[in-house]
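Reviewing the structure listed below.
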Amino acid sequence: LLRDSNMVQVRATYKQRTWASAKSFLYGLYGYPVSFPQNIVPAMLLSFYEFCPAYMDGVDSNNNTFVEKYKLMASTEYREMVDTVSQRVGLVLETADVEMAWAMCRYEIAEYPDVLEHVSPWCALFSEDDLKILEFADDLMFYWKDGYGFDINWKMTQPLMAEMHQKFSQLKSGDPISTLQSYLYFGHSE
């Protein structure tokens, strides 16, 4: 399906990093630069959350979205994790400090995925149990903010799903209107 770059339609959102990801993906796939029209995709199709007032007001700007994460952060287990990390560091750390160290740990793992070759000093602050608690806190946040926690999170994707269904139906039927074999969409969430 992806052998001929002329048989692929590429769509990317307006963010430079998304555009760069699409270009890099295509270069890695074909071994040469592939050009495609910029801003071909309506922003509402791939960045639907930016255009949905029900999402922006009811989820993204709503503190209740994070209530489950806040409950976890107020738990004994979470507070003990923060205290244990503080003891390991030798300083009194606040929750925000531990979350920042956790973010740095994740970024370093993304940059240097071979953890046997590169030991992140940020990740060294955490035990396996600490990491499980921090990952679960992130899971709670993303479930409610971006996942199935609120119906609007999946309902606002309907135009994208409808277009995908249309493209699959055209491909399956051999519709001569659609001579392309592949459709690649590159989007961003934040």
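In the structure tokens, each chain is lettered A, B, ... as it comes, each chain's residues begin at 1, and ligands are numbered from 1 in order of appearance.
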
| said: Considering only helix (DSSP H, G or I) as DSSP defines it on the backbone, what residues of region 103-179 of chain A qualify? List them as a PyMOL selection string. | reply: chain A and resi 103-111+123-125+128-145+151-155+158-173

| said: Can you measure CA of Ser86 (chain A) to CA of Glu68 (chain A) for me? One decimal in Å is fine. | reply: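 Distance reported for this atom pair: 23.9 Å.
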
| query | Using only C-alpha atoms, which residues sit within 8 Å of region 94-102 of chain A once same-chain residues fewer than 5 positions away are excluded, as a ChimeraX atom specification? | reply | /A:82,85,122-123,134

| Per DSSP on the backbone, what are the strand (DSSP E or B) residues of chain A, as an NGL selection string? | :A and (8-12 or 182-186)

| field | A:Lys167, A:Lys155, A:Arg88, A:Lys172 ranked by distance to Phe48 (chain A), top pick (using only C-alpha atoms) | value | A:Lys155

| task | Could you jot down the CA of Ser75 (chain A) to CA of Ile133 (chain A) separation for me, Å, one decimal place? | result | 10.8 Å

| request: Would you list the contacts of region 57-66 of chain A as a PyMOL selection string, taking every protein, DNA or RNA residue within 9 Å and counting only C-alpha atoms, but skipping same-chain residues closer than 6 positions in sequence? | output: chain A and resi 49+140-141+144-146+149-150+152-153

| Nearest to Asp4 (chain A): which of A:Gln158, A:Asp114, A:Glu163, A:Leu180 is it, counting only C-alpha atoms? |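 Among A:Gln158, A:Asp114, A:Glu163, A:Leu180, it is A:Leu180 that comes nearest to Asp4 (chain A).
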
| task | Would you list the contacts of Gly187 (chain A) as a list in words, taking every protein, DNA or RNA residue within 7 Å and counting only C-alpha atoms, but skipping same-chain residues closer than 6 positions in sequence? | result | Ala12, Thr13, Thr18 and Leu46 of chain A

Would you write out those residues with all heavy atoms, as a short mmCIF file (atom, residue, chain, number, x, y, z; two decimals), in the first residue's frame?
```
data_model
loop_
_atom_site.label_atom_id
_atom_site.label_comp_id
_atom_site.auth_asym_id
_atom_site.auth_seq_id
_atom_site.Cartn_x
_atom_site.Cartn_y
_atom_site.Cartn_z
N ALA A 12 -1.52 16.79 7.48
CA ALA A 12 -0.92 17.13 8.77
C ALA A 12 -1.59 18.39 9.31
O ALA A 12 -2.05 19.23 8.54
CB ALA A 12 0.58 17.38 8.62
N THR A 13 -1.66 18.49 10.62
CA THR A 13 -2.21 19.70 11.23
C THR A 13 -1.21 20.84 11.09
O THR A 13 -0.08 20.65 10.64
CB THR A 13 -2.55 19.47 12.71
OG1 THR A 13 -1.39 19.01 13.39
CG2 THR A 13 -3.67 18.46 12.87
N THR A 18 4.18 18.71 13.99
CA THR A 18 3.39 17.69 13.32
C THR A 18 3.81 17.58 11.86
O THR A 18 3.96 16.49 11.32
CB THR A 18 1.89 18.02 13.42
OG1 THR A 18 1.57 18.24 14.78
CG2 THR A 18 1.05 16.90 12.89
N LEU A 46 -8.63 17.23 12.32
CA LEU A 46 -7.62 16.58 13.16
C LEU A 46 -7.38 17.28 14.49
O LEU A 46 -6.79 16.70 15.39
CB LEU A 46 -6.30 16.47 12.40
CG LEU A 46 -6.30 15.53 11.20
CD1 LEU A 46 -4.93 15.51 10.53
CD2 LEU A 46 -6.70 14.13 11.60
#
```

| Of the candidates A:Val34, A:Ala54, A:Leu171, A:Leu45, which shows the shortest atom-to-atom distance to Thr157 (chain A), using only C-alpha atoms? | A:Leu45

| Distance of CA of Ser182 (chain A) from CA of Tyr32 (chain A), expressed in Å to one decimal place |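 Interatomic distance here is 18.0 Å.
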
Residues near Ile109 (chain A), anyone? I mean within 10 Å using only C-alpha atoms, not counting same-chain ones fewer than 3 positions away, as a PDB file with all heavy atoms, in the first residue's frame.
```
ATOM      1  N   ALA A 103       8.626  14.079  34.857  1.00  0.00           N
ATOM      2  CA  ALA A 103       8.578  14.537  33.464  1.00  0.00           C
ATOM      3  C   ALA A 103       9.980  14.466  32.841  1.00  0.00           C
ATOM      4  O   ALA A 103      10.139  14.001  31.701  1.00  0.00           O
ATOM      5  CB  ALA A 103       8.024  15.960  33.386  1.00  0.00           C
ATOM      6  N   MET A 104      10.984  14.901  33.560  1.00  0.00           N
ATOM      7  CA  MET A 104      12.360  14.851  33.053  1.00  0.00           C
ATOM      8  C   MET A 104      12.796  13.409  32.813  1.00  0.00           C
ATOM      9  O   MET A 104      13.472  13.103  31.829  1.00  0.00           O
ATOM     10  CB  MET A 104      13.318  15.556  34.016  1.00  0.00           C
ATOM     11  CG  MET A 104      13.068  17.049  34.159  1.00  0.00           C
ATOM     12  SD  MET A 104      13.141  17.940  32.600  1.00  0.00           S
ATOM     13  CE  MET A 104      14.851  17.724  32.163  1.00  0.00           C
ATOM     14  N   CYS A 105      12.415  12.517  33.695  1.00  0.00           N
ATOM     15  CA  CYS A 105      12.706  11.092  33.537  1.00  0.00           C
ATOM     16  C   CYS A 105      12.104  10.575  32.229  1.00  0.00           C
ATOM     17  O   CYS A 105      12.779   9.913  31.432  1.00  0.00           O
ATOM     18  CB  CYS A 105      12.159  10.323  34.746  1.00  0.00           C
ATOM     19  SG  CYS A 105      12.144   8.523  34.575  1.00  0.00           S
ATOM     20  N   ARG A 106      10.849  10.908  31.984  1.00  0.00           N
ATOM     21  CA  ARG A 106      10.177  10.443  30.759  1.00  0.00           C
ATOM     22  C   ARG A 106      10.857  11.010  29.513  1.00  0.00           C
ATOM     23  O   ARG A 106      11.038  10.300  28.521  1.00  0.00           O
ATOM     24  CB  ARG A 106       8.704  10.842  30.775  1.00  0.00           C
ATOM     25  CG  ARG A 106       7.897  10.085  31.797  1.00  0.00           C
ATOM     26  CD  ARG A 106       6.399  10.310  31.612  1.00  0.00           C
ATOM     27  NE  ARG A 106       6.015  11.668  31.316  1.00  0.00           N
ATOM     28  CZ  ARG A 106       5.542  12.546  32.186  1.00  0.00           C
ATOM     29  NH1 ARG A 106       5.393  12.203  33.454  1.00  0.00           N
ATOM     30  NH2 ARG A 106       5.207  13.763  31.827  1.00  0.00           N
ATOM     31  N   TYR A 112      16.853   8.759  25.147  1.00  0.00           N
ATOM     32  CA  TYR A 112      17.819   7.659  25.268  1.00  0.00           C
ATOM     33  C   TYR A 112      17.080   6.394  25.719  1.00  0.00           C
ATOM     34  O   TYR A 112      17.120   6.036  26.901  1.00  0.00           O
ATOM     35  CB  TYR A 112      18.909   8.010  26.289  1.00  0.00           C
ATOM     36  CG  TYR A 112      19.586   9.325  26.020  1.00  0.00           C
ATOM     37  CD1 TYR A 112      19.278  10.460  26.774  1.00  0.00           C
ATOM     38  CD2 TYR A 112      20.535   9.438  25.009  1.00  0.00           C
ATOM     39  CE1 TYR A 112      19.905  11.670  26.525  1.00  0.00           C
ATOM     40  CE2 TYR A 112      21.159  10.660  24.758  1.00  0.00           C
ATOM     41  CZ  TYR A 112      20.836  11.758  25.519  1.00  0.00           C
ATOM     42  OH  TYR A 112      21.454  12.962  25.272  1.00  0.00           O
ATOM     43  N   PRO A 113      16.403   5.711  24.794  1.00  0.00           N
ATOM     44  CA  PRO A 113      15.560   4.572  25.194  1.00  0.00           C
ATOM     45  C   PRO A 113      16.330   3.348  25.707  1.00  0.00           C
ATOM     46  O   PRO A 113      15.753   2.517  26.397  1.00  0.00           O
ATOM     47  CB  PRO A 113      14.776   4.236  23.927  1.00  0.00           C
ATOM     48  CG  PRO A 113      15.512   4.880  22.813  1.00  0.00           C
ATOM     49  CD  PRO A 113      16.283   6.021  23.390  1.00  0.00           C
ATOM     50  N   ASP A 114      17.615   3.239  25.391  1.00  0.00           N
ATOM     51  CA  ASP A 114      18.387   2.107  25.888  1.00  0.00           C
ATOM     52  C   ASP A 114      18.806   2.402  27.331  1.00  0.00           C
ATOM     53  O   ASP A 114      19.865   2.978  27.584  1.00  0.00           O
ATOM     54  CB  ASP A 114      19.614   1.852  25.009  1.00  0.00           C
ATOM     55  CG  ASP A 114      20.367   0.596  25.407  1.00  0.00           C
ATOM     56  OD1 ASP A 114      20.071   0.020  26.486  1.00  0.00           O
ATOM     57  OD2 ASP A 114      21.254   0.177  24.643  1.00  0.00           O
ATOM     58  N   VAL A 115      17.963   2.005  28.283  1.00  0.00           N
ATOM     59  CA  VAL A 115      18.191   2.353  29.687  1.00  0.00           C
ATOM     60  C   VAL A 115      19.387   1.619  30.285  1.00  0.00           C
ATOM     61  O   VAL A 115      19.881   2.013  31.342  1.00  0.00           O
ATOM     62  CB  VAL A 115      16.922   2.110  30.545  1.00  0.00           C
ATOM     63  CG1 VAL A 115      15.814   3.052  30.117  1.00  0.00           C
ATOM     64  CG2 VAL A 115      16.472   0.666  30.477  1.00  0.00           C
ATOM     65  N   HIS A 118      22.215   4.157  28.979  1.00  0.00           N
ATOM     66  CA  HIS A 118      22.114   5.514  29.528  1.00  0.00           C
ATOM     67  C   HIS A 118      21.186   5.492  30.740  1.00  0.00           C
ATOM     68  O   HIS A 118      19.985   5.310  30.588  1.00  0.00           O
ATOM     69  CB  HIS A 118      21.564   6.483  28.473  1.00  0.00           C
ATOM     70  CG  HIS A 118      21.339   7.860  29.004  1.00  0.00           C
ATOM     71  ND1 HIS A 118      22.351   8.790  29.101  1.00  0.00           N
ATOM     72  CD2 HIS A 118      20.231   8.465  29.487  1.00  0.00           C
ATOM     73  CE1 HIS A 118      21.866   9.911  29.606  1.00  0.00           C
ATOM     74  NE2 HIS A 118      20.583   9.743  29.855  1.00  0.00           N
ATOM     75  N   VAL A 119      21.762   5.664  31.903  1.00  0.00           N
ATOM     76  CA  VAL A 119      20.963   5.704  33.122  1.00  0.00           C
ATOM     77  C   VAL A 119      20.616   7.163  33.411  1.00  0.00           C
ATOM     78  O   VAL A 119      21.496   7.991  33.630  1.00  0.00           O
ATOM     79  CB  VAL A 119      21.716   5.082  34.321  1.00  0.00           C
ATOM     80  CG1 VAL A 119      20.884   5.193  35.586  1.00  0.00           C
ATOM     81  CG2 VAL A 119      22.076   3.633  34.028  1.00  0.00           C
ATOM     82  N   SER A 120      19.335   7.451  33.377  1.00  0.00           N
ATOM     83  CA  SER A 120      18.889   8.819  33.624  1.00  0.00           C
ATOM     84  C   SER A 120      19.009   9.160  35.100  1.00  0.00           C
ATOM     85  O   SER A 120      18.488   8.447  35.956  1.00  0.00           O
ATOM     86  CB  SER A 120      17.427   8.974  33.200  1.00  0.00           C
ATOM     87  OG  SER A 120      16.881  10.142  33.733  1.00  0.00           O
ATOM     88  N   TRP A 122      17.444  11.444  36.512  1.00  0.00           N
ATOM     89  CA  TRP A 122      16.079  11.753  36.949  1.00  0.00           C
ATOM     90  C   TRP A 122      15.331  10.483  37.301  1.00  0.00           C
ATOM     91  O   TRP A 122      14.635  10.422  38.308  1.00  0.00           O
ATOM     92  CB  TRP A 122      15.337  12.547  35.877  1.00  0.00           C
ATOM     93  CG  TRP A 122      15.969  13.863  35.595  1.00  0.00           C
ATOM     94  CD1 TRP A 122      16.743  14.188  34.515  1.00  0.00           C
ATOM     95  CD2 TRP A 122      15.926  15.017  36.427  1.00  0.00           C
ATOM     96  NE1 TRP A 122      17.173  15.486  34.623  1.00  0.00           N
ATOM     97  CE2 TRP A 122      16.684  16.020  35.785  1.00  0.00           C
ATOM     98  CE3 TRP A 122      15.323  15.310  37.649  1.00  0.00           C
ATOM     99  CZ2 TRP A 122      16.843  17.296  36.319  1.00  0.00           C
ATOM    100  CZ3 TRP A 122      15.478  16.582  38.178  1.00  0.00           C
ATOM    101  CH2 TRP A 122      16.235  17.541  37.528  1.00  0.00           C
ATOM    102  N   CYS A 123      15.470   9.467  36.484  1.00  0.00           N
ATOM    103  CA  CYS A 123      14.767   8.202  36.738  1.00  0.00           C
ATOM    104  C   CYS A 123      15.334   7.493  37.966  1.00  0.00           C
ATOM    105  O   CYS A 123      14.618   6.766  38.652  1.00  0.00           O
ATOM    106  CB  CYS A 123      14.853   7.289  35.519  1.00  0.00           C
ATOM    107  SG  CYS A 123      13.993   7.941  34.063  1.00  0.00           S
TER     108      CYS A 123
END
```

| Could you name the residues that touch Pro33 (chain A) at 9 Å or less, counting only C-alpha atoms, but leaving out those on the same chain fewer than 6 positions away, as a PyMOL selection string? | chain A and resi 23-24+26-27

Include N, CA, C and O atoms and write out the residues we just selected as a short mmCIF file (atom, residue, chain, number, x, y, z; two decimals), in the first residue's frame.
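Final output, saved to out-v2.cif:
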```
data_model
loop_
_atom_site.label_atom_id
_atom_site.label_comp_id
_atom_site.auth_asym_id
_atom_site.auth_seq_id
_atom_site.Cartn_x
_atom_site.Cartn_y
_atom_site.Cartn_z
N LYS A 23 6.96 14.76 7.56
CA LYS A 23 8.07 14.76 6.61
C LYS A 23 9.11 13.71 6.99
O LYS A 23 9.62 12.98 6.12
N SER A 24 9.43 13.59 8.27
CA SER A 24 10.42 12.61 8.72
C SER A 24 9.92 11.19 8.52
O SER A 24 10.68 10.30 8.11
N LEU A 26 7.82 10.13 6.24
CA LEU A 26 7.87 9.83 4.81
C LEU A 26 9.30 9.63 4.33
O LEU A 26 9.57 8.74 3.51
N TYR A 27 10.21 10.43 4.85
CA TYR A 27 11.62 10.25 4.48
C TYR A 27 12.12 8.88 4.94
O TYR A 27 12.81 8.18 4.20
#
```

| query | From the list A:Tyr185, A:Phe36, A:Tyr55, A:Phe136, which residue is nearest Leu160 (chain A) when using only C-alpha atoms? | reply | A:Tyr185
